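Have a look at the structure below, then the notes.
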Amino acid sequence: MNANFSLSPSQTSFVLQASRQRILALSFPHLPTDRIARRRWGLSWRSTERPEAPPIVCSGKLNNAMRLTALDELAERLGLKKDQGVAEARAMYPTLEVAEEDPAADRRLLEAIADWCDRYTPLVAFDGKDGLFLDISGCAHLFGGEKALLKDVLSRLFHMGIDARGAISSSPGLSWAASRFGQGGVIEDEETEQVLMSLPVAALRLEGQTVDALRKLGLKYVGDVIDAPRAPLTRRFGPGLLLRLDQALGREEEPVSPRRPVASLSAESRLIEPIGTEEQILAVTRQVAMSLQPSLETRGVGGRAFELVLFRVDGRVFRIAVAASQPLREPKFIAGLFSERLQAVYDDLDAGYGFEILRLNVLRHDPFNEAQADFEGDRQGEISLSAFVDRVSARLGADCLQSFQLRESHVPERAVITVPVMDRLPRRKAAQDIQLPFRQERPLRLFATPEPVEIMLAEVPDGPPQIFRWRRLQHQVARSEGPERIAMEWWIDGDDAEARDYFRIEDETGHRFWIYRRGFYGRELDPRWFMHGVFA
């Protein structure tokens, strides 16, 4: 196998600036019908002879009437139009087969295409319901240039059964306009105005009312708007028209956010022959992790969260994520985490005809502690615990091991919360450095919901119980300590919340309990007793 490695940008958002960025806009004019055709005739239906079948159209309810919402190419050639009534379309072609629209399924397909586009750049953003933006700045040379990249994208999508149009320019507005209303292709900076002037005004991404108003004034093409005085246009249509025009011309910046957080570091392997077995995946993962180690060392950090992205030959993408309790650099440790994870998910990982690209992303990193353990190996226990937590969490999930974290609350059930152990280990300090808020002795097991206790005999007004019944067993109190009065938090429980008097109690058999009384004797209602925990 042959591996080529490349690093991705480290920014988490990007601003598309015409002077330094190149944007690829993809539009999918027949996305809903392509989805149906792929399900009926397979992914490669466009590259094979289409079976004799009626056109594919989708319908939905619009203004209390069933209308056509999507058409395939054959339906368009027959003269059918979007928003046309279904009854009218059936009258024109009685054999017309109408499928109900499914926006959720269309969105899932668009998300799958966006995942597939990650092979070209990690900066992929959604463009409405039927388009994508790809920031290909600085990476087009990896695919032979912009023209070769665009040709590769459209060709692969075609063989996957998806009709796509694409354009590359220095602004998202111009790329969007050229892919949907123009000839597409690669547009150089000096060609921006020339290409834009020949497009209709709808190419400026304006609202329908604004487009209709411009056409009534004789401004049918973008060139007409460019030549018109700007002040009257602003008074008539507001600043939005000229803003869209300047964005398309590259005079105004247009921010676009990628759909996924961009990895701080990334390396990938493009394989000559696809792989599919667990052993092959782990071997390539370790190779890719080795290429990341120098970059981690240069930055003085180690990875805490990793993502393995597997690009299958047919376009499907799988993502496998693992995390570490301590920053990691060593390839064998990183590959070990994915080994544990793959053992848990490999049965659900359909390799199909194999994976052709494998990418390893560092999603999160922390400073790497390079302190060496002493000769007595005092840190060995800490390292072993971290390795154990990482392996179990990778196999069973991050929430399988829980730790406790103190909170600023004196109400017992709110004073401690459970968090994944993985999130607690990196912040451990020496015992003498940890300052815990003062609390009296608390039970080993605290019940999530206090359980009612029947009191047979108790000292009044503020004394502990002498005999009580809990879970059908009667207990004789031998020793007690308390009360410890805890007032409720009025900002949560309200002003009328009753305080609690807690008692630590030991019965004649040596069992110890934590019981509290809510309310006081002598009031209109007798106090109630509850079991909140046990000590042993």
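Labels for the structure tokens follow display order: chains A, B, ..., residues from 1 in each chain, ligands from 1.
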
For region 86-198 of chain A against region 220-226 of chain A, with a cut-off of 9 Å and counting only C-alpha atoms, what is the closest atom pair and its distance in Å to one decimal for every residue that makes the cut, ordered by chain and number, as JSON lines?
{"residue": "A:Glu193", "atom": "CA", "partner": "A:Gly223", "partner_atom": "CA", "distance": 8.4}
{"residue": "A:Gln194", "atom": "CA", "partner": "A:Gly223", "partner_atom": "CA", "distance": 8.6}
{"residue": "A:Leu196", "atom": "CA", "partner": "A:Val222", "partner_atom": "CA", "distance": 6.4}
{"residue": "A:Met197", "atom": "CA", "partner": "A:Gly223", "partner_atom": "CA", "distance": 3.8}
{"residue": "A:Ser198", "atom": "CA", "partner": "A:Tyr221", "partner_atom": "CA", "distance": 6.3}

Might you pull out every residue within 10 Å of Asn369 (chain A), with only C-alpha atoms counted and same-chain residues fewer than 2 positions away left off, and present them as a tab-separated table (two decimals) with N, CA, C and O atoms, in the first residue's frame?
chain	number	residue	atom	x	y	z
A	300	GLY	N	4.38	20.78	21.33
A	300	GLY	CA	4.44	20.50	22.75
A	300	GLY	C	3.12	20.04	23.32
A	300	GLY	O	2.81	20.31	24.49
A	301	VAL	N	2.34	19.34	22.53
A	301	VAL	CA	1.01	18.91	22.96
A	301	VAL	C	0.85	17.42	22.70
A	301	VAL	O	1.66	16.78	22.03
A	302	GLY	N	-0.22	16.88	23.23
A	302	GLY	CA	-0.63	15.51	22.96
A	302	GLY	C	-2.11	15.47	22.69
A	302	GLY	O	-2.88	16.31	23.18
A	326	GLN	N	-5.32	11.14	29.22
A	326	GLN	CA	-4.09	11.91	29.26
A	326	GLN	C	-3.64	12.19	27.82
A	326	GLN	O	-3.93	11.41	26.91
A	327	PRO	N	-2.95	13.30	27.57
A	327	PRO	CA	-2.48	13.60	26.21
A	327	PRO	C	-1.57	12.48	25.69
A	327	PRO	O	-0.69	11.99	26.40
A	328	LEU	N	-1.79	12.09	24.43
A	328	LEU	CA	-1.04	11.00	23.82
A	328	LEU	C	-0.30	11.47	22.59
A	328	LEU	O	-0.78	12.32	21.85
A	366	ASP	N	-4.04	18.80	24.46
A	366	ASP	CA	-3.64	19.50	25.68
A	366	ASP	C	-2.12	19.51	25.77
A	366	ASP	O	-1.44	18.70	25.11
A	367	PRO	N	-1.56	20.40	26.56
A	367	PRO	CA	-0.10	20.39	26.75
A	367	PRO	C	0.37	19.03	27.24
A	367	PRO	O	-0.26	18.39	28.09
A	371	ALA	N	7.43	15.28	32.02
A	371	ALA	CA	8.18	14.96	33.25
A	371	ALA	C	8.40	13.46	33.34
A	371	ALA	O	7.50	12.66	33.09
A	372	GLN	N	9.62	13.08	33.68
A	372	GLN	CA	9.98	11.67	33.77
A	372	GLN	C	9.75	11.17	35.20
A	372	GLN	O	10.02	11.87	36.17

DSSP strand (DSSP E or B) selection over region 245-405 of chain A, as JSON, numbers by chain: {"A": [254, 255, 256, 265, 266, 267, 268, 269, 270, 271, 272, 273, 274, 275, 301, 302, 303, 304, 305, 306, 307, 308, 309, 310, 311, 312, 317, 318, 319, 320, 321, 322, 323, 324, 325, 326, 327, 328, 355, 356, 357, 358, 359, 360, 361, 362, 363, 364, 365, 366, 367, 402, 403, 404, 405]}

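With CA of Leu74 (chain A) on one side and CA of Pro94 (chain A) on the other, the separation reads 15.2 Å.
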
Top pick for closest residue to Pro55 (chain A), considering A:Leu96, A:Gln287, A:Glu88, A:Asp314 and counting only C-alpha atoms: A:Leu96
